[in-house]
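A.B. asks: Take this structure first; my questions come after.
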Amino acid sequence: MAKKEQSVPAVVNSVDSVEALEAKMQAMREAQKVFATFSQEQVDKIFYEAASAANKLRIPLAKMAVKETGMGVVEDKVIKNNYAAEYIYNAYKDTKTCGVVEEDKAFGIKKLAEPIGLVAAVIPTTNPTSTAIFKCLICLKTRNAIIISPHPRAKNCTIEAAKVILEAAVKAGAPEGIIGWIDVPSLDMTNLVMKEADIILATGGPGMVRAAYSSGKPALGVGAGNTPVIIDDTADVKMAVSSIIHSKTFDNGMICASEQSVTVLASIYDEVKKEFEYRGCYFLQPNEIEKVRKTILINGSLNAKIVGQSAYTIAKLAGVDVPKDTKIIIGEVESVDIREEFAHEKLSPVLAMYKAETFDEALAKAERLVADGGYGHTASLYINVNEHEKILKHAEAMKTCRILTNTPSSHGGIGDLYNFKLVPSLTLGCGSWGGNSVSENVGVKHLLNIKTVAERRENMLWFRAPEKVYFKKGCMPVALNELKEVLGKKRAFIVTDSFLYMNGYTKPITDKLDELGIVYQCFSNVQPDPTLANAQEGAKAMTAFQPDVIIALGGGSAMDAGKIMWVMYEHPEVDFQDMAMRFIDIRKRVYTFPKMGEKAYFVAIPTSSGTGSEVTPFAVITDQETGVKYPLADYQLLPNMAIVDTDNMMSQPKGLTSASGVDVLTHALEAYASVMATDYTDGLALKAMKNVFEYLPTCYNDGSNVEARSKMADASCLAGMAFANAFLGVCHSMAHKLGAFHHLPHGIANALLISLVVEFNAEECPRKMGTFSQYQYPHTRARYAECARFVGIQADNDEDAVKKLIEKIEDLKAAVGVKKSIAEYGVDEKYFLDTLDNMVEQAFDDQCTGANPRYPLMSEIKEMYLRAYYGK
C-alpha cells in the first residue's frame, strides 16, 4: 500500500488588523516571559521536535512555495527545507543557550545567556518556507518569541511553515503562541511589527532591509548579493564549470549568494566556454544579448518576472529561442559598469561572462562588480589550491564577508555544506560594506544577550631578583671567580665614572680579571646623570669590543648607564622612546623589551648605599635634548649578578652618604605602602628602613665604621629588592622631576618630599585610591603605623604612630644634614614657580605614580611641591 503524503495543517488565529496584531504581540511577550524560564533540557526537546516536524513536511511545504510564488524548483526547495531543519538542528543541538553558557573559575568569569524577547522576522518570497523554518528554529533554541511578516506573494506557504513548527513546539512543551504571524501582510503591518519588536531578522530586498535598520530597533539584515566568480588559468575547468552550473541552477538561482558573473582568464576562456556549452548552457548571440538586457531590468530595477524562473522561460520572455532544457543563459559582455544589465544581481539562471588577460585584470573586474551591488556579500574563486599568493590577493581585494574557493557559491555561502566551519544560515550578514550590523552568517549567538559576571580576581604576583647576589665585606674577588670558573667568560667591559676610575676603584676588578685571564676594556665617561648620548657613546665602544660580560661599577648612574648600554649593545635596533613608554601594568605594556643576556652577562657592583640598582629592573636616563628624566622599567634590565661588597663603599663622602641613605629609606617606605606590596617585599622593606634609622647617622658621622657601612649596604640592597617587585610611588615621581628641572641630587629630592608624601598617603579617606586588584581599600595609615612600630616607635594608635614616624624621619634628615626646604638649596623662587606646572604634569605621568596607594590629583602634587619649596 502506498504511503499517504503528509499534509500541512490549516491556518488558525487570524491576525489581519493593527489591533489584532498589537494584541497578538502582547500575548506573545507574555508567552516569551514564561519561555525565558525554561531549562536547557526543556529548550533542547522543543528544538528537536520542531526541527523534526519541519523536516517531515519538507516536500509539501516546497510544493506550496512553488505553487504560490510561481518561482523556483520544487525539488530544490525540498533541499532548502531539509537543510533549514537538519543542518540548523545539527549545528546548534549541543549549543548552550540557557543560563551559564561559559565559566572560567580560575579567572572568575561567568557568562549567562538571556533571550532578547520578541523577534520580528521579515521573510522573502524567494525562500519563503526554508527561511521561516530557519528563523523559527533559532528563536526557539534561544527562548525568543518570533512574529513573522511574510511576503504578500508567499504568505500562505510561509505561515504554514511557521504553523508546523509552532504545533510541534507547543506539543513538546513550549508556551502557546510563542510563534506568530501576520495573516494579511502589508507595509503598515510590517512596519508596526518592526517598531514593536525587540530585534529584527530582515531578509528581503534592499528597501525592506533599509526599513528594518531605520525602524529604531536592533536589526540583523542582509545586503544585496552580486557574487563575482573568477576562474584562474590554474583551475580545474571541469570542476569549476560544473560547480557554477550546480549553484546557478539551484532553485533557479534564487539564493542571494549565487553567482551573477564569471570572469575567465584569456588563456582558458575558450576551454571554459566549450565546457559550459557541453553541459547545457546557452551563449547568447549579440542581438540576443540586447533582448535579454531589456528583460533583466525594467526601469532600472530587477524584473520580478524573471526571478526564480527557468532559463527557457526567461529566454522566451525576451523573445530568444533556446533549447527547453537549457540550464543557464550566458551573456558575453565587456562592461562591469552598473549601466550594464548583466552586471546586476539577477536571482535567476542568467549569467554574465567576462574575459581577462591577467589575474589582476580579473580582480579589478570582480572588485567593480562587488562595488556595483554586492558589497559585503560573497565572492568566489576557482584556482589551484597551491596558488597561495593569488588566493590571498583575491581575499584581500574582495570587500565581501564570504570568500569561497572552488565552491558552488549558493551552497557554499549558506555554510556547512562545502566547508564545515562556515556556520549554516539562511541569513547572510554583509557587514558595514553591505549596510549590515553583522559580517557573518547569522545564528543563535545573534539572538542572545550575554551577561558577563566578573568576580574580583587578583593578579598573579612574583618575586624577582638577580640569579646571584653576593654580599659581605671582601666578597667581590670571590664572586668574580665565577666569571671564569663557572661561566667561562673571556671578554669583560667595565662601565664606571671618571672619579672611580681615576681613584683606583676599578683596580681590584682589573687585577682579578688579569688573574683570571679575562681580557677587559674600561669605559669611564659615565656622567652623574647619564644621558642617552652618554649611553650611546658607551654602547658604541662596547660594540667595538664585543664583550661577553659587562661589569657596572659605581652608584646608580653607572649601573643605570650600564643597563642602557647593555640593551643598545645587544639590540641596536631598539627605540629609546619605546623603552620609556609609560605603562599601567608591566605585564600588559604596549612595548615588549627585547630578550637580554644573549650576548653578555651583566654584573652590577655598587659603590654607594642608595639606589639598589644592582638588584632592580630599573634605569633612569636623561634625554639630553629636553632634560627630561625617564625611569625605564623591565625585568629584562635586571642584572644577572649583584656584588655588594662594603669595601667599595667605605670612602663615600658625607653628602653622598646622606643623600643615598635617605633614598634607601624612601625606597623602603614606598615599597611598603605600594599597592603592589606583598609579604615577600614587606620583610625586606621593614628591615631596610630599620637599618637606615639605626646606622645612617653613624655612617654619616663616622664613615670608617665597618658595621654601619655594611648595614647600610644591606639596607640599600634589601630595599632595592623590595621596590624591584612592589615598585615605588609619588615621592619618586616628584623627585625625578625636581632633580631634572632643578639639578638637585636624587636622594636630596626624595628627602625633601618623603615626609609630605607619608602625610599625604596616610589620609584614611583620600579623594582617590590606587588601582590594583590586590589593593582593596585605603589602609596606608595602618601600613605606616606598622613601619613605625617595627623601627621602635611607641604609640597609642595608628594616627599617633604615623605622626611620630614623620617626626623620626625629620629627625633623621636633620641628623644627616638634609636642609628643610627646596629654597634652602638655592633654587630660585621665580624659576621654581615658572617650572612648577610642567613638573606637576610630568610627575603625575611618571612611571612610579601608578603604584602609589593614594592616586594623586595634579593639584595635590602641586600643593606638595609648594610646601616642600617653602618648608611647610
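Chain identifiers are assigned as A, B, and so on, following the order in which chains appear in the C-alpha cells; residues are numbered from 1 within each chain, and ligands are numbered from 1 in order of appearance.
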For range 626-633 of chain A, please output as a list of chain:residue names all residues within 9 Å (counting only C-alpha atoms; exclusion window: fewer than 2 positions along the same chain).
C.D. replies: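 Once the nearby chain positions are removed, what remains is A:Asp529, A:Thr531, A:Met579, A:Ala580, A:Met581, A:Arg582, A:Ile586, A:Thr616, A:Pro617, A:Phe618, A:Ala619, A:Val620, A:Ile621, A:Thr622, A:Asp623, A:Gln624, A:Tyr635, A:Gln636, A:Leu637, A:His736, A:Lys737, A:Gly739, A:Ala740, A:Phe741, A:Gln842, A:Asp846, A:Gln847, A:Cys848.
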A.B. asks: Contacts of Ala708 in chain A at 9 Å or less, counting only C-alpha atoms, minus same-chain residues fewer than 6 places along, as a list of chain:residue names?
C.D. replies: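 The contact residues come out as A:Asn691, A:Glu694, A:Tyr695, A:Leu696, A:Pro697, A:Thr698, A:Cys699, A:Asp702.
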A.B. asks: Next, write the just-selected residues to a file, as a PDB file, in the first residue's frame, keeping C-alpha atoms as the atom set.
C.D. replies:
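Saved to result.pdb:
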ATOM      1  CA  ASN A 691      68.842  49.587  59.311  1.00  0.00           C
ATOM      2  CA  GLU A 694      69.880  52.738  63.238  1.00  0.00           C
ATOM      3  CA  TYR A 695      73.023  53.029  61.124  1.00  0.00           C
ATOM      4  CA  LEU A 696      72.757  56.007  58.746  1.00  0.00           C
ATOM      5  CA  PRO A 697      73.714  58.648  61.372  1.00  0.00           C
ATOM      6  CA  THR A 698      76.783  56.591  62.293  1.00  0.00           C
ATOM      7  CA  CYS A 699      77.790  56.268  58.630  1.00  0.00           C
ATOM      8  CA  ASP A 702      81.941  58.064  61.077  1.00  0.00           C
TER       9      ASP A 702
END
A.B. asks: In Å to one decimal, how far is CA of Asn226 in chain A from CA of Leu347 in chain A?
C.D. replies: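 Spanning CA of Leu347 in chain A to CA of Asn226 in chain A is a straight-line distance of 9.2 Å.
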A.B. asks: Extract the full set of alpha helix (DSSP H) residues from range 356-457 of chain A according to DSSP on the backbone, and format it as a VMD selection string.
C.D. replies: chain A and resid 359 to 371 388 to 397 409 to 413
A.B. asks: Just the number, please: distance in Å from CA of Ser425 in chain A to CA of Ala154 in chain A, one decimal.
C.D. replies: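 Computing it gives 20.4 Å between the two atoms.
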A.B. asks: So, counting only C-alpha atoms, which residue among A:Met641, A:Cys731, A:Ala379, A:Ala202 is closest to Val442 in chain A?
C.D. replies: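 For Val442 in chain A, the nearest of the given residues is A:Ala202.
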A.B. asks: So how far away is CA of Lys808 in chain A from CA of Ser613 in chain A, in Å?
C.D. replies: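 Going from CA of Ser613 in chain A over to CA of Lys808 in chain A covers 26.1 Å.
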A.B. asks: Restricting the calculation to only C-alpha atoms, which member of A:Ile414, A:Val241, A:Val840, A:Leu21 is positioned closest to Ser258 in chain A?
C.D. replies: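 Counting only C-alpha atoms, the residue closest to Ser258 in chain A is A:Ile414.
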A.B. asks: Give me the residues near Ser242 in chain A as a PyMOL selection string, where near means some atom within 8 Å (using only C-alpha atoms) and where sequence neighbours in that chain fewer than 4 positions away do not count.
C.D. replies: chain A and resi 238+246+279
A.B. asks: Output N, CA and C atoms for every residue in that selection, as a JSON list (two decimals), in the first residue's frame.
C.D. replies:
[["chain", "number", "residue", "atom", "x", "y", "z"],
["A", 238, "LYS", "N", 36.73, 21.67, -15.49],
["A", 238, "LYS", "CA", 35.54, 20.83, -15.42],
["A", 238, "LYS", "C", 34.84, 21.01, -14.07],
["A", 246, "HIS", "N", 25.86, 23.90, -11.09],
["A", 246, "HIS", "CA", 25.16, 23.30, -9.96],
["A", 246, "HIS", "C", 24.56, 24.38, -9.06],
["A", 279, "ARG", "N", 27.81, 21.34, -21.27],
["A", 279, "ARG", "CA", 26.99, 20.94, -20.13],
["A", 279, "ARG", "C", 25.61, 21.62, -20.12]]
A.B. asks: For Lys445 in chain A, which of A:Ile116, A:Ile133, A:Met734, A:Leu756 is the closest residue, counting only C-alpha atoms?
C.D. replies: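 Among the listed residues, the smallest separation from Lys445 in chain A belongs to A:Ile116.
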A.B. asks: Quick one: of A:Ala113, A:Ala235, A:Ala120, A:Ala91, who's nearest to Glu387 in chain A, counting only C-alpha atoms?
C.D. replies: A:Ala235
A.B. asks: Measuring atom to atom with only C-alpha atoms, identify which of A:Asp188, A:Asp233, A:Glu367, A:Asp548 is nearest to Ser17 in chain A.
C.D. replies: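 Of all the options, A:Asp188 lies closest to Ser17 in chain A.
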A.B. asks: Counting only C-alpha atoms, figure out which residue out of A:Ile148, A:Ala50, A:Leu201, A:Cys765 gets nearest to Val444 in chain A.
C.D. replies: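 Comparing A:Ile148, A:Ala50, A:Leu201, A:Cys765 against Val444 in chain A, the winner is A:Leu201.
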A.B. asks: Where does DSSP see strand (DSSP E) in range 224-318 of chain A, if you list the residues as a compact mmCIF listing (two decimals) with N, CA and C atoms, in the first residue's frame?
C.D. replies:
# COMPACT_ATOMS: atom_id res chain seq x y z
N THR A 227 27.40 38.15 -6.57
CA THR A 227 28.62 37.35 -6.45
C THR A 227 29.40 37.26 -7.75
N PRO A 228 30.64 37.78 -7.77
CA PRO A 228 31.50 37.62 -8.94
C PRO A 228 32.38 36.37 -8.79
N VAL A 229 32.53 35.64 -9.86
CA VAL A 229 33.38 34.45 -9.87
C VAL A 229 34.57 34.71 -10.78
N ILE A 230 35.75 34.27 -10.33
CA ILE A 230 36.94 34.29 -11.18
C ILE A 230 37.37 32.85 -11.40
N ILE A 231 37.62 32.49 -12.66
CA ILE A 231 38.22 31.20 -12.96
C ILE A 231 39.65 31.45 -13.42
N GLU A 259 26.07 32.79 -8.05
CA GLU A 259 26.95 33.50 -8.98
C GLU A 259 26.14 34.41 -9.91
N GLN A 260 26.65 35.61 -10.13
CA GLN A 260 26.00 36.54 -11.05
C GLN A 260 26.87 36.84 -12.27
N SER A 261 28.17 36.59 -12.12
CA SER A 261 29.09 36.82 -13.24
C SER A 261 30.27 35.88 -13.09
N VAL A 262 30.90 35.58 -14.21
CA VAL A 262 32.11 34.77 -14.18
C VAL A 262 33.15 35.44 -15.07
N THR A 263 34.35 35.67 -14.51
CA THR A 263 35.45 36.27 -15.26
C THR A 263 36.51 35.19 -15.45
N VAL A 264 36.89 34.98 -16.72
CA VAL A 264 37.76 33.86 -17.06
C VAL A 264 39.06 34.40 -17.65
N LEU A 265 40.17 33.82 -17.24
CA LEU A 265 41.46 34.20 -17.81
C LEU A 265 41.49 33.83 -19.29
N TYR A 282 23.59 28.05 -22.60
CA TYR A 282 23.38 28.71 -23.89
C TYR A 282 24.07 30.07 -23.89
N PHE A 283 24.95 30.28 -24.87
CA PHE A 283 25.62 31.57 -25.04
C PHE A 283 24.83 32.41 -26.03
N LEU A 297 16.28 44.01 -16.57
CA LEU A 297 15.89 45.18 -15.80
C LEU A 297 14.71 45.88 -16.46
N ILE A 298 13.82 46.38 -15.62
CA ILE A 298 12.71 47.20 -16.08
C ILE A 298 12.77 48.51 -15.29
N SER A 301 15.22 48.54 -12.40
CA SER A 301 15.06 47.57 -11.31
C SER A 301 14.92 46.17 -11.88
N LEU A 302 15.29 45.19 -11.04
CA LEU A 302 15.21 43.81 -11.47
C LEU A 302 13.76 43.45 -11.83
A.B. asks: Using only C-alpha atoms, what does the table of range 105-133 of chain A residues within 10 Å of range 175-187 of chain A look like, with each row giving the shortest atom pair and its distance in Å to one decimal, sorted by chain and ascending number, as CSV?
C.D. replies:
residue,atom,partner,partner_atom,distance
A:Leu118,CA,A:Ile178,CA,9.1
A:Val119,CA,A:Ile179,CA,9.6
A:Ala120,CA,A:Trp181,CA,9.3
A:Ala121,CA,A:Trp181,CA,9.0
